[in-house]
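start_0.txt (compact mmCIF, C-alpha atoms)
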```txt
# COMPACT_ATOMS: atom_id res chain seq x y z
CA MET J 512 28.21 7.45 -17.93
CA THR J 513 28.90 5.23 -20.92
CA HIS J 514 26.06 3.41 -22.53
CA PRO J 515 25.82 -0.11 -21.13
CA VAL J 516 26.77 -2.93 -23.43
CA GLY J 517 26.04 -5.84 -21.14
CA LYS J 518 28.79 -5.37 -18.61
CA LEU J 519 30.11 -8.48 -16.90
CA VAL J 520 30.19 -8.57 -13.13
CA LYS J 521 32.13 -11.04 -11.05
CA ILE J 522 30.14 -12.56 -8.23
CA TRP J 523 31.02 -14.88 -5.41
CA PHE J 524 28.32 -17.00 -3.84
CA LYS J 525 27.64 -20.38 -2.31
CA LEU J 526 25.89 -22.86 -4.59
CA ASN J 527 24.55 -26.00 -2.96
CA GLY J 528 27.14 -25.70 -0.21
CA ASN J 529 30.16 -24.91 -2.41
CA ALA J 530 31.66 -21.44 -2.72
CA ILE J 531 32.02 -20.40 -6.36
CA ALA J 532 32.97 -17.32 -8.36
CA VAL J 533 31.47 -16.61 -11.78
CA GLU J 534 31.37 -13.82 -14.29
CA THR J 535 27.87 -12.95 -15.43
CA PRO J 536 26.24 -10.19 -17.44
CA ALA J 537 24.58 -7.88 -14.89
CA HIS J 538 21.23 -8.16 -16.69
CA TRP J 539 21.02 -11.95 -16.47
CA THR J 540 18.58 -13.49 -14.05
CA LEU J 541 19.70 -16.10 -11.56
CA LEU J 542 17.61 -18.61 -13.54
CA ARG J 543 19.52 -17.89 -16.74
CA LEU J 544 22.85 -18.03 -14.91
CA LEU J 545 22.00 -21.41 -13.42
CA ARG J 546 20.72 -22.95 -16.63
CA GLU J 547 22.90 -21.40 -19.33
CA LYS J 548 26.24 -20.77 -17.66
CA LEU J 549 26.33 -23.28 -14.81
CA LYS J 550 24.42 -25.92 -16.79
CA LEU J 551 22.14 -26.70 -13.87
CA THR J 552 18.98 -27.33 -15.83
CA GLY J 553 16.98 -28.90 -13.01
CA THR J 554 15.52 -25.47 -12.24
CA LYS J 555 12.77 -24.88 -14.80
CA GLU J 556 11.48 -21.75 -16.48
CA GLY J 557 7.70 -21.66 -16.65
CA CYS J 558 6.10 -18.23 -16.86
CA GLY J 559 9.23 -16.11 -16.34
CA ILE J 560 7.24 -13.51 -14.37
CA GLY J 561 7.07 -14.94 -10.87
CA GLU J 562 3.67 -16.55 -11.01
CA CYS J 563 4.12 -20.28 -11.62
CA GLY J 564 6.89 -21.12 -9.13
CA ALA J 565 8.66 -23.62 -11.44
CA CYS J 566 11.96 -21.71 -11.09
CA THR J 567 11.91 -21.66 -7.28
CA VAL J 568 15.31 -21.97 -5.58
CA LEU J 569 16.34 -21.21 -2.01
CA LEU J 570 18.14 -17.93 -1.32
CA ASP J 571 19.59 -18.06 2.19
CA LYS J 572 17.07 -20.84 2.96
CA ARG J 573 14.01 -18.93 1.74
CA PRO J 574 12.19 -19.87 -1.48
CA VAL J 575 12.36 -17.22 -4.22
CA HIS J 576 11.63 -17.08 -7.95
CA SER J 577 15.02 -17.31 -9.69
CA CYS J 578 13.40 -15.66 -12.75
CA LEU J 579 12.93 -12.43 -10.73
CA VAL J 580 16.37 -12.33 -9.10
CA LEU J 581 19.05 -10.51 -11.09
CA ALA J 582 22.40 -12.31 -10.91
CA PRO J 583 24.33 -9.49 -9.13
CA LYS J 584 21.87 -9.82 -6.23
CA ILE J 585 23.22 -13.21 -5.15
CA GLU J 586 26.66 -11.88 -4.23
CA GLY J 587 27.60 -13.42 -0.89
CA LYS J 588 24.37 -15.41 -0.63
CA HIS J 589 23.69 -19.15 -0.43
CA ILE J 590 21.68 -20.55 -3.33
CA GLU J 591 20.23 -24.04 -3.16
CA THR J 592 18.85 -25.75 -6.25
CA ILE J 593 17.30 -29.11 -6.93
CA GLU J 594 20.76 -30.46 -7.90
CA GLY J 595 21.85 -30.05 -4.27
CA LEU J 596 18.86 -31.86 -2.81
CA GLY J 597 19.68 -35.47 -3.59
CA SER J 598 21.30 -37.64 -6.25
CA ARG J 599 19.88 -40.39 -8.41
CA GLU J 600 21.58 -42.89 -6.09
CA ALA J 601 20.65 -41.17 -2.84
CA LEU J 602 17.33 -39.39 -3.04
CA HIS J 603 16.41 -36.81 -0.44
CA PRO J 604 13.55 -38.04 1.81
CA ILE J 605 11.22 -35.44 0.26
CA GLN J 606 12.05 -36.73 -3.24
CA LYS J 607 11.46 -40.30 -2.08
CA SER J 608 8.13 -39.29 -0.58
CA PHE J 609 7.06 -37.56 -3.83
CA ILE J 610 7.71 -40.80 -5.73
CA ASP J 611 5.99 -42.97 -3.12
CA HIS J 612 2.88 -40.77 -3.21
CA GLY J 613 2.64 -40.43 -6.99
CA ALA J 614 3.26 -36.69 -6.61
CA VAL J 615 5.21 -36.45 -9.88
CA GLN J 616 3.20 -36.42 -13.08
CA CYS J 617 4.75 -34.41 -15.93
CA GLY J 618 7.45 -33.32 -13.49
CA PHE J 619 7.83 -29.71 -14.60
CA CYS J 620 6.67 -28.16 -11.33
CA THR J 621 8.45 -30.78 -9.21
CA PRO J 622 11.89 -29.17 -8.69
CA GLY J 623 10.28 -25.93 -7.49
CA MET J 624 7.76 -27.74 -5.31
CA LEU J 625 10.57 -29.76 -3.72
CA MET J 626 12.55 -26.63 -2.87
CA SER J 627 9.57 -24.98 -1.18
CA ALA J 628 8.85 -28.25 0.64
CA LYS J 629 12.44 -28.37 1.86
CA ALA J 630 12.27 -24.78 3.13
CA LEU J 631 9.02 -25.55 4.97
CA LEU J 632 10.19 -28.80 6.58
CA GLU J 633 13.47 -27.26 7.73
CA THR J 634 11.65 -24.68 9.82
CA ASN J 635 8.62 -26.82 10.68
CA SER J 636 8.93 -30.62 10.57
CA ASN J 637 5.30 -31.13 11.57
CA PRO J 638 3.30 -28.73 9.41
CA SER J 639 -0.48 -28.73 9.40
CA ARG J 640 -2.25 -29.33 6.10
CA GLU J 641 -2.99 -25.59 5.95
CA GLU J 642 0.69 -24.77 6.45
CA VAL J 643 1.66 -27.16 3.64
CA LYS J 644 -0.92 -25.58 1.33
CA LYS J 645 0.34 -22.11 2.19
CA ALA J 646 3.95 -23.16 1.57
CA ILE J 647 3.14 -24.34 -1.96
CA SER J 648 0.60 -21.59 -2.70
CA GLY J 649 3.11 -19.95 -5.06
CA HIS J 650 3.38 -23.06 -7.25
CA LEU J 651 1.19 -24.13 -10.12
CA CYS J 652 0.88 -27.80 -11.05
CA ARG J 653 -0.92 -27.95 -14.40
CA CYS J 654 -1.41 -31.70 -14.03
CA THR J 655 -3.37 -30.59 -10.92
CA GLY J 656 -1.70 -33.21 -8.76
CA TYR J 657 -1.90 -31.02 -5.67
CA GLN J 658 -3.45 -33.62 -3.39
CA GLN J 659 -0.60 -36.09 -3.84
CA ILE J 660 1.97 -33.31 -3.48
CA ILE J 661 0.43 -32.18 -0.19
CA GLU J 662 0.32 -35.75 1.10
CA ALA J 663 3.94 -36.35 0.03
CA ILE J 664 5.14 -33.27 1.94
CA GLU J 665 3.18 -34.24 5.07
CA ALA J 666 4.62 -37.76 4.94
CA ALA J 667 8.16 -36.45 4.40
CA GLY J 668 7.75 -34.36 7.55
CA LYS J 669 6.74 -37.44 9.50
CA MET J 670 9.71 -39.41 8.11
CA LYS J 671 12.05 -36.65 9.16
CA ARG J 672 10.83 -36.69 12.77
CA MET T 66 14.76 -11.17 -22.74
CA ILE T 67 16.09 -8.44 -20.47
CA PRO T 68 18.24 -5.82 -22.27
CA PRO T 69 21.64 -4.89 -20.77
CA PHE T 70 22.31 -2.28 -18.09
CA ASP T 71 24.99 -1.44 -15.55
CA TYR T 72 24.49 -2.54 -11.97
CA GLN T 73 25.78 -0.91 -8.79
CA THR T 74 25.37 -1.98 -5.19
CA PRO T 75 26.33 1.05 -3.06
CA LYS T 76 27.34 0.36 0.53
CA THR T 77 26.21 3.68 2.01
CA LEU T 78 23.12 5.81 1.60
CA LYS T 79 25.29 8.78 0.63
CA GLU T 80 26.92 6.76 -2.13
CA ALA T 81 23.48 5.69 -3.40
CA CYS T 82 22.23 9.31 -3.40
CA ASP T 83 25.35 10.47 -5.27
CA LEU T 84 24.97 7.73 -7.89
CA LEU T 85 21.32 8.63 -8.45
CA TRP T 86 22.15 12.32 -8.71
CA GLU T 87 24.92 11.71 -11.26
CA ALA T 88 22.69 9.39 -13.30
CA SER T 89 20.20 12.27 -13.75
CA GLY T 90 17.15 10.19 -14.48
CA ARG T 91 18.78 7.32 -16.38
CA ALA T 92 19.00 5.05 -13.33
CA LYS T 93 16.37 3.02 -11.52
CA ILE T 94 16.43 1.84 -7.95
CA ILE T 95 16.09 -1.89 -7.45
CA ALA T 96 15.14 -3.53 -4.15
CA GLY T 97 13.34 -6.90 -4.32
CA GLY T 98 12.78 -6.56 -8.06
CA THR T 99 9.45 -8.41 -8.08
CA ASP T 100 7.83 -5.61 -10.10
CA LEU T 101 10.90 -4.03 -11.70
CA VAL T 102 12.34 -7.22 -13.26
CA ILE T 103 9.01 -7.87 -14.97
CA GLY T 104 9.06 -4.26 -16.25
CA LEU T 105 12.62 -4.74 -17.57
CA ARG T 106 11.62 -7.97 -19.24
CA ASN T 107 8.62 -6.57 -21.08
CA GLY T 108 10.30 -3.28 -21.95
CA ASP T 109 8.17 -0.98 -19.78
CA THR T 110 11.35 0.46 -18.34
CA ARG T 111 14.78 0.80 -19.99
CA PRO T 112 17.29 2.17 -17.44
CA ASP T 113 21.02 2.50 -18.18
CA LEU T 114 21.86 1.71 -14.59
CA LEU T 115 20.28 -0.17 -11.72
CA ILE T 116 21.15 0.89 -8.19
CA ASP T 117 20.58 -1.88 -5.68
CA VAL T 118 19.55 -0.45 -2.29
CA THR T 119 19.24 -3.71 -0.39
CA SER T 120 22.72 -3.39 1.16
CA LEU T 121 21.93 -0.03 2.80
CA LYS T 122 21.49 -0.54 6.53
CA GLU T 123 19.16 2.47 6.86
CA LEU T 124 16.72 0.68 4.57
CA ARG T 125 16.93 -2.68 6.30
CA ARG T 126 15.94 -1.92 9.90
CA ILE T 127 12.76 -2.14 11.92
CA GLU T 128 13.14 0.21 14.87
CA GLU T 129 11.04 1.65 17.64
CA ASP T 130 11.29 4.59 19.95
CA GLU T 131 8.81 5.59 22.60
CA GLN T 132 6.22 6.91 20.17
CA THR T 133 6.93 5.55 16.72
CA LEU T 134 7.74 2.42 14.79
CA SER T 135 9.83 2.78 11.67
CA ILE T 136 10.37 0.23 8.95
CA GLY T 137 13.16 0.41 6.39
CA ALA T 138 12.01 0.58 2.79
CA ALA T 139 14.01 -2.53 1.81
CA VAL T 140 12.55 -4.74 4.55
CA THR T 141 10.77 -7.65 2.85
CA HIS T 142 7.10 -8.55 3.29
CA SER T 143 8.15 -11.81 4.99
CA GLU T 144 10.34 -9.94 7.45
CA ILE T 145 7.51 -7.54 8.29
CA ALA T 146 5.03 -10.39 8.71
CA ASP T 147 7.50 -12.14 11.05
CA SER T 148 8.35 -9.03 13.06
CA LEU T 149 7.02 -9.06 16.63
CA LEU T 150 7.32 -5.26 16.77
CA VAL T 151 5.08 -4.82 13.74
CA ARG T 152 2.66 -7.46 15.02
CA ARG T 153 2.34 -5.57 18.25
CA TYR T 154 2.30 -1.94 17.12
CA GLY T 155 0.99 -2.17 13.58
CA ARG T 156 -0.91 -5.44 13.40
CA ILE T 157 -2.98 -4.31 10.41
CA LEU T 158 0.16 -3.88 8.28
CA SER T 159 1.51 -7.22 9.38
CA LYS T 160 -1.74 -8.87 8.35
CA ALA T 161 -1.90 -7.13 4.96
CA VAL T 162 1.67 -7.93 3.87
CA SER T 163 1.34 -11.55 4.98
CA GLU T 164 -1.29 -11.95 2.22
CA ILE T 165 0.73 -10.44 -0.62
CA GLY T 166 1.42 -12.64 -3.67
CA SER T 167 3.04 -15.90 -2.62
CA PRO T 168 5.80 -16.97 -0.21
CA GLN T 169 8.40 -16.50 -2.96
CA ILE T 170 7.18 -12.96 -3.70
CA ARG T 171 7.04 -12.07 0.01
CA ASN T 172 10.64 -13.28 0.45
CA LEU T 173 11.89 -10.88 -2.24
CA GLY T 174 9.40 -8.00 -2.38
CA THR T 175 9.87 -5.02 -0.08
CA ILE T 176 7.49 -2.59 1.55
CA GLY T 177 9.24 0.39 -0.05
CA GLY T 178 8.89 -1.24 -3.46
CA ASN T 179 5.21 -1.90 -2.86
CA ILE T 180 4.72 1.80 -2.02
CA VAL T 181 6.74 3.45 -4.80
CA ASN T 182 5.50 1.08 -7.49
CA ALA T 183 2.19 2.77 -6.63
CA SER T 184 -0.16 0.15 -7.98
CA PRO T 185 -3.79 1.05 -7.17
CA ALA T 186 -4.00 -2.51 -5.81
CA ALA T 187 -0.89 -2.26 -3.60
CA ASP T 188 -1.67 -4.26 -0.49
CA SER T 189 0.40 -2.22 1.95
CA LEU T 190 -1.19 1.13 1.14
CA PRO T 191 -4.62 0.96 2.86
CA PRO T 192 -3.02 -0.11 6.19
CA LEU T 193 -0.33 2.56 5.88
CA LEU T 194 -3.01 5.19 5.25
CA VAL T 195 -5.02 4.28 8.34
CA LEU T 196 -1.77 4.18 10.34
CA ASN T 197 -1.08 7.78 9.13
CA ALA T 198 2.35 6.59 8.00
CA VAL T 199 4.97 9.03 6.80
CA GLY T 200 7.72 8.25 4.28
CA ILE T 201 11.25 9.54 4.89
CA VAL T 202 12.91 10.35 1.59
CA SER T 203 16.60 11.00 1.02
CA SER T 204 18.57 12.47 -1.85
CA TYR T 205 21.69 14.43 -2.76
CA GLU T 206 19.67 17.52 -1.83
CA GLY T 207 18.83 16.34 1.68
CA GLU T 208 16.03 14.60 3.54
CA ARG T 209 12.29 15.23 3.54
CA GLU T 210 9.16 13.67 4.96
CA VAL T 211 6.10 12.90 2.86
CA PRO T 212 2.89 11.38 4.26
CA ILE T 213 2.21 8.14 2.38
CA ALA T 214 -1.24 9.49 1.43
CA GLN T 215 0.47 12.33 -0.47
CA LEU T 216 3.28 10.22 -1.89
CA ILE T 217 1.05 8.48 -4.43
CA GLN T 218 -0.28 10.69 -7.23
CA GLY T 219 -2.10 8.19 -9.38
CA PRO T 220 -1.69 4.73 -10.84
CA TYR T 221 2.07 3.93 -10.85
CA GLN T 222 2.93 7.58 -10.16
CA THR T 223 4.52 9.09 -7.08
CA VAL T 224 5.70 12.57 -6.14
CA LEU T 225 9.25 11.25 -5.76
CA LYS T 226 11.87 12.76 -8.05
CA ALA T 227 14.11 10.44 -10.07
CA HIS T 228 17.04 11.06 -7.73
CA GLU T 229 15.15 10.47 -4.49
CA ILE T 230 15.18 7.29 -2.38
CA LEU T 231 12.43 6.21 -0.01
CA VAL T 232 14.49 5.29 3.06
CA ARG T 233 11.90 4.26 5.60
CA LEU T 234 8.37 4.82 6.73
CA SER T 235 7.24 5.51 10.22
CA PHE T 236 3.99 5.68 12.10
CA ARG T 237 2.80 6.25 15.63
CA LYS T 238 2.67 2.95 17.50
CA LEU T 239 -0.86 1.71 18.01
CA SER T 240 -1.91 1.67 21.63
CA LYS T 241 -3.80 -1.22 23.20
CA GLU T 242 -7.04 0.70 22.78
CA MET T 243 -6.68 0.94 19.00
CA ARG T 244 -8.39 -1.95 17.20
CA SER T 245 -7.94 -2.84 13.59
CA GLY T 246 -9.52 -4.90 10.86
CA PHE T 247 -8.28 -5.75 7.37
CA ILE T 248 -10.00 -7.73 4.63
CA ARG T 249 -8.68 -8.52 1.19
CA LEU T 250 -10.76 -9.87 -1.63
CA ALA T 251 -9.22 -11.53 -4.70
CA ARG T 252 -10.17 -14.20 -7.21
CA ARG T 253 -8.24 -16.76 -5.21
CA GLU T 254 -6.07 -16.61 -2.12
CA ALA T 255 -2.56 -16.78 -3.54
CA MET T 256 -0.95 -14.95 -6.46
CA ALA T 257 -4.00 -12.87 -7.28
CA ILE T 258 -4.14 -9.08 -7.38
CA ALA T 259 -6.51 -7.64 -4.80
CA ARG T 260 -9.88 -6.81 -6.31
CA MET T 261 -10.74 -4.77 -3.29
CA SER T 262 -9.60 -4.43 0.28
CA MET T 263 -10.64 -2.54 3.39
CA ALA T 264 -8.51 -1.31 6.28
CA ILE T 265 -10.03 0.12 9.45
CA ILE T 266 -8.51 1.36 12.69
CA LEU T 267 -10.69 2.58 15.55
CA ARG T 268 -10.70 3.43 19.22
CA GLN T 269 -13.68 3.50 21.53
CA GLU T 270 -14.13 5.59 24.64
CA GLU T 271 -17.06 5.24 27.04
CA GLY T 272 -18.96 3.10 24.56
CA ARG T 273 -18.61 5.51 21.67
CA ILE T 274 -16.32 5.56 18.63
CA LYS T 275 -13.76 8.17 19.61
CA GLU T 276 -11.42 7.84 16.65
CA ILE T 277 -11.72 5.96 13.35
CA ARG T 278 -9.83 5.82 10.07
CA VAL T 279 -11.05 3.92 7.01
CA SER T 280 -9.18 3.23 3.79
CA PRO T 281 -10.32 0.97 0.98
CA GLY T 282 -7.82 -0.48 -1.50
CA SER T 283 -8.00 -1.03 -5.27
CA ILE T 284 -11.12 1.10 -5.84
CA PHE T 285 -9.45 4.47 -6.42
CA PRO T 286 -6.57 5.42 -8.76
CA ALA T 287 -4.57 6.42 -5.67
CA PRO T 288 -5.29 5.32 -2.11
CA GLN T 289 -7.60 7.60 -0.15
CA ARG T 290 -9.28 7.58 3.22
CA LEU T 291 -13.06 7.81 3.48
CA ILE T 292 -13.24 10.95 5.61
CA GLU T 293 -17.02 11.25 5.08
CA VAL T 294 -17.55 7.82 6.64
CA GLU T 295 -15.06 8.49 9.43
CA ASP T 296 -16.82 11.77 10.33
CA TYR T 297 -20.22 10.08 10.28
CA LEU T 298 -19.11 7.36 12.71
CA THR T 299 -17.08 9.49 15.11
CA GLY T 300 -18.84 10.04 18.44
CA LYS T 301 -21.56 7.46 17.77
CA VAL T 302 -22.40 4.31 19.71
CA PRO T 303 -21.36 1.33 17.60
CA ASP T 304 -24.15 -1.08 16.64
CA GLU T 305 -25.24 -3.05 13.58
CA GLY T 306 -27.79 -0.43 12.49
CA LEU T 307 -25.15 2.28 12.51
CA PHE T 308 -22.74 0.07 10.56
CA LEU T 309 -25.37 -0.68 7.90
CA THR T 310 -26.02 3.03 7.37
CA ALA T 311 -22.27 3.66 7.33
CA SER T 312 -21.74 0.89 4.76
CA LYS T 313 -24.17 2.68 2.41
CA LYS T 314 -22.11 5.83 2.88
CA VAL T 315 -19.02 3.82 1.91
CA SER T 316 -20.49 2.85 -1.46
CA GLU T 317 -21.98 6.34 -1.98
CA THR T 318 -18.58 7.90 -1.34
CA MET T 319 -16.97 5.47 -3.79
CA ILE T 320 -19.52 6.34 -6.49
CA HIS T 321 -19.29 10.05 -5.72
CA ARG T 322 -15.51 9.99 -6.20
CA SER T 323 -15.17 7.58 -9.13
CA GLY T 324 -18.54 7.93 -10.88
CA ILE T 325 -20.88 5.15 -11.97
CA ARG T 326 -18.92 2.55 -13.89
CA ALA T 327 -19.79 -0.73 -15.56
CA SER T 328 -18.40 -2.49 -12.48
CA THR T 329 -20.39 -0.42 -9.96
CA SER T 330 -23.29 -2.86 -9.63
CA TYR T 331 -20.74 -5.44 -8.47
CA LYS T 332 -18.45 -3.16 -6.51
CA ALA T 333 -21.04 -1.24 -4.47
CA PRO T 334 -22.51 -4.21 -2.55
CA VAL T 335 -19.08 -5.82 -2.24
CA VAL T 336 -17.40 -2.73 -0.81
CA GLU T 337 -20.30 -2.44 1.67
CA ALA T 338 -19.83 -6.05 2.76
CA LEU T 339 -16.08 -5.64 3.11
CA PHE T 340 -16.59 -2.56 5.25
CA LEU T 341 -19.06 -4.42 7.49
CA ARG T 342 -16.71 -7.37 7.95
CA ALA T 343 -13.68 -5.16 8.60
CA ILE T 344 -15.46 -3.01 11.18
CA ARG T 345 -16.95 -6.04 12.94
CA ARG T 346 -13.52 -7.62 13.04
CA SER T 347 -11.99 -4.48 14.50
CA LEU T 348 -14.58 -4.50 17.29
CA GLU T 349 -13.98 -8.09 18.26
CA GLU T 350 -12.45 -8.55 21.68
CA GLU T 351 -9.19 -9.81 20.17
CA ASP T 352 -7.94 -8.43 16.88
CA GLY T 353 -4.94 -10.78 17.06
CA THR T 354 -2.46 -8.29 18.50
CA ASP T 355 0.09 -10.03 20.69
CA TRP T 356 0.46 -8.09 23.95
CA SER T 357 2.19 -10.87 25.88
```
Represent the structure from my file as structure tokens, please.
Amino acid sequence: MTHPVGKLVKIWFKLNGNAIAVETPAHWTLLRLLREKLKLTGTKEGCGIGECGACTVLLDKRPVHSCLVLAPKIEGKHIETIEGLGSREALHPIQKSFIDHGAVQCGFCTPGMLMSAKALLETNSNPSREEVKKAISGHLCRCTGYQQIIEAIEAAGKMKR
Amino acid sequence: MIPPFDYQTPKTLKEACDLLWEASGRAKIIAGGTDLVIGLRNGDTRPDLLIDVTSLKELRRIEEDEQTLSIGAAVTHSEIADSLLVRRYGRILSKAVSEIGSPQIRNLGTIGGNIVNASPAADSLPPLLVLNAVGIVSSYEGEREVPIAQLIQGPYQTVLKAHEILVRLSFRKLSKEMRSGFIRLARREAMAIARMSMAIILRQEEGRIKEIRVSPGSIFPAPQRLIEVEDYLTGKVPDEGLFLTASKKVSETMIHRSGIRASTSYKAPVVEALFLRAIRRSLEEEDGTDWS
């Protein structure tokens, strides 16, 4: 076995609904691939060790920390990021609800929170307050705006129904 | 920043075993990566090659036969928590893994990873010990079975050789008569490492405790059952007085095995309380098992 020098691997995956192929160093995380190669900087890096939830994206519809997923792992998978949620012109109902409820303060935790909210509301459009809290239990908001975030997610569920 | 390595995703178990054998100790197995990627990032581990086992079908199944339930090592915590089979035949494990980390961690992290990472605070280990679970291990040299209780040697150390893969774990399905209770204590509910936990399985017959297994988590370097407490309770009629005496034996056993430490004045009453709550819960009419 030769000593590794940062071998490139070619991966195919679906990104926000579009199939793409990219070459990435095997040791890059999905977060780094998204931000540095694909220039999708909506996904944020907070702690880098899977505790803060800022880097949360959906992997086959389930929220995961993109800082803990190595790029070769997403071969054949569907990755959804904040860029696929809505556009400036056409906000997703969850984004609209966050704005309406004052659930965005500094905004750093928001993309991750929105992705977990989307995953929750797609499987359960009428979550209880406890279910909402559980769904965002892996996210830290250092502005401590949790109350508004919880209310925004509940209201977005109601809008959806 | 994570230093470079090669990455292979074998499609068959044989291919994975061959790769590990050829790498002779310079490769690491990756499943969910929730512990390993952090280790790569902070330099605790520097493998030349990562072998991804999450495409191996043998590691991805939950299966039952008449007697046993087996769970592939690369099944995620979320998948176990959602599994009706595990809820029915191993409720205590289902409960424990549903409280691990956060939703994001549970969607990536696997039961096999939780076992072989061998953290003293691993949430799956106390339930697996009271379930008498056995690990099935595969390698270039063949297959072997290792009881989970013997698999862990100490903090972050297992008896597995560098070329061995934990394929699945299996345990005898719990019958309707077996009751279970699990309690986990941490600084806060989500994203906190367990300070202490308690797993209990018991069966009564004619008003007496016929069979009982007790395993605390996070208080020993490697998970252990409290045989002294189990022996004391076996054959007795369950009541609060008995449980109080038994709870003292729990803390005595802890102190006997680990010695008096600075934390003992906190841990002794807390481990007693956890034991009391877990055993009461396991005696409740419904322990949450779905028999419908």
Residues within 9 Å of Pro583 of chain J, please, as a tab-separated table (two decimals) with C-alpha atoms, in the frame of the given file. Count all atoms listed in the file; anything in the same chain fewer than 4 positions from it doesn't count.
```tsv
chain	number	residue	atom	x	y	z
J	520	VAL	CA	30.19	-8.57	-13.13
J	521	LYS	CA	32.13	-11.04	-11.05
J	522	ILE	CA	30.14	-12.56	-8.23
J	535	THR	CA	27.87	-12.95	-15.43
J	536	PRO	CA	26.24	-10.19	-17.44
J	537	ALA	CA	24.58	-7.88	-14.89
J	538	HIS	CA	21.23	-8.16	-16.69
J	539	TRP	CA	21.02	-11.95	-16.47
J	540	THR	CA	18.58	-13.49	-14.05
J	541	LEU	CA	19.70	-16.10	-11.56
T	72	TYR	CA	24.49	-2.54	-11.97
T	73	GLN	CA	25.78	-0.91	-8.79
T	74	THR	CA	25.37	-1.98	-5.19
```
Write out as a Markdown table the residues of chain T that have any atom within 10 Å of an atom of chain J, one row each with the nearest atom pair and its distance in Å to one decimal, counting only C-alpha atoms, sorted by chain and then rising number.
```
| residue | atom | partner | partner_atom | distance |
| --- | --- | --- | --- | --- |
| T:Met66 | CA | J:Trp539 | CA | 8.9 |
| T:Ile67 | CA | J:His538 | CA | 6.4 |
| T:Pro68 | CA | J:His538 | CA | 6.7 |
| T:Pro69 | CA | J:Gly517 | CA | 4.5 |
| T:Phe70 | CA | J:Pro515 | CA | 5.1 |
| T:Asp71 | CA | J:Pro515 | CA | 5.8 |
| T:Tyr72 | CA | J:Ala537 | CA | 6.1 |
| T:Gln73 | CA | J:Pro583 | CA | 8.7 |
| T:Thr74 | CA | J:Pro583 | CA | 8.5 |
| T:Glu87 | CA | J:Met512 | CA | 8.6 |
| T:Ala88 | CA | J:Met512 | CA | 7.5 |
| T:Arg91 | CA | J:Met512 | CA | 9.6 |
| T:Ile95 | CA | J:Leu581 | CA | 9.8 |
| T:Ala96 | CA | J:Lys584 | CA | 9.4 |
| T:Gly97 | CA | J:Val580 | CA | 7.8 |
| T:Gly98 | CA | J:Leu579 | CA | 6.5 |
| T:Thr99 | CA | J:Leu579 | CA | 5.9 |
| T:Asp100 | CA | J:Leu579 | CA | 8.5 |
| T:Leu101 | CA | J:Leu579 | CA | 8.7 |
| T:Val102 | CA | J:Leu579 | CA | 5.8 |
| T:Ile103 | CA | J:Ile560 | CA | 5.9 |
| T:Gly104 | CA | J:Ile560 | CA | 9.6 |
| T:Leu105 | CA | J:His538 | CA | 9.3 |
| T:Arg106 | CA | J:Ile560 | CA | 8.6 |
| T:Asn107 | CA | J:Ile560 | CA | 9.8 |
| T:Pro112 | CA | J:Pro515 | CA | 9.6 |
| T:Asp113 | CA | J:Pro515 | CA | 6.2 |
| T:Leu114 | CA | J:Pro515 | CA | 7.9 |
| T:Leu115 | CA | J:Ala537 | CA | 9.4 |
| T:Asp117 | CA | J:Lys584 | CA | 8.1 |
| T:Thr119 | CA | J:Lys584 | CA | 8.9 |
| T:Ser120 | CA | J:Lys584 | CA | 9.8 |
| T:Ser143 | CA | J:Arg573 | CA | 9.8 |
| T:Gly166 | CA | J:Gly649 | CA | 7.6 |
| T:Ser167 | CA | J:Gly649 | CA | 4.7 |
| T:Pro168 | CA | J:Gly649 | CA | 6.3 |
| T:Gln169 | CA | J:Val575 | CA | 4.2 |
| T:Ile170 | CA | J:Val575 | CA | 6.7 |
| T:Arg171 | CA | J:Val575 | CA | 8.5 |
| T:Asn172 | CA | J:Val575 | CA | 6.3 |
| T:Leu173 | CA | J:Val575 | CA | 6.7 |
| T:Gly174 | CA | J:Val575 | CA | 9.9 |
| T:Glu254 | CA | J:Ser648 | CA | 8.3 |
| T:Ala255 | CA | J:Ser648 | CA | 5.8 |
| T:Met256 | CA | J:Gly649 | CA | 6.6 |
| T:Ala257 | CA | J:Glu562 | CA | 9.3 |
```
Query - Answer as an MDAnalysis selection string, residues within 9 Å of (8.8, -25.0, -14.0) using all atoms listed in the file - result: chainID J and resid 554:558 563:567 618:623 650:652
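The coordinates place atom CA of Val232 of chain T at 26.8 Å from atom CA of Gly108 of chain T.
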Query - Atomic distance atom CA of Gly300 of chain T - atom CA of Glu271 of chain T, expressed in Å with one decimal - result: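 Distance between the two atoms: 10.0 Å.
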Query - Residue nearest Glu276 of chain T - candidates T:Met243, T:Ala138, T:Ile320, T:Ile258, atoms counted: only C-alpha atoms - result: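 So, comparing all the options, the nearest one is T:Met243.
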Query - Distance criterion (only C-alpha atoms): nearest to Thr592 of chain J out of J:Ala667, J:Val643, J:Met624, J:Ile610 - result: J:Met624
Query raised in the report: How would you write as a VMD selection string the residues that get within 12 Å of (-3.6, -29.8, -10.6) in the file's frame, counting all atoms listed in the file?
Result: chain J and resid 614 to 618 620 650 to 661
Query raised in the report: Quick one: distance from atom CA of Ala601 of chain J to atom CA of Lys548 of chain J in Å, one decimal?
Result: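 Rounded to one decimal, the two atoms are 25.8 Å apart.
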Query raised in the report: If you count all atoms listed in the file, which residues fall within 9 Å of Ala187 of chain T, apart from same-chain ones fewer than 2 positions away, as a PyMOL selection string?
Result: chain T and resi 165+179-180+182-185+189-191+258-259+282-283+288
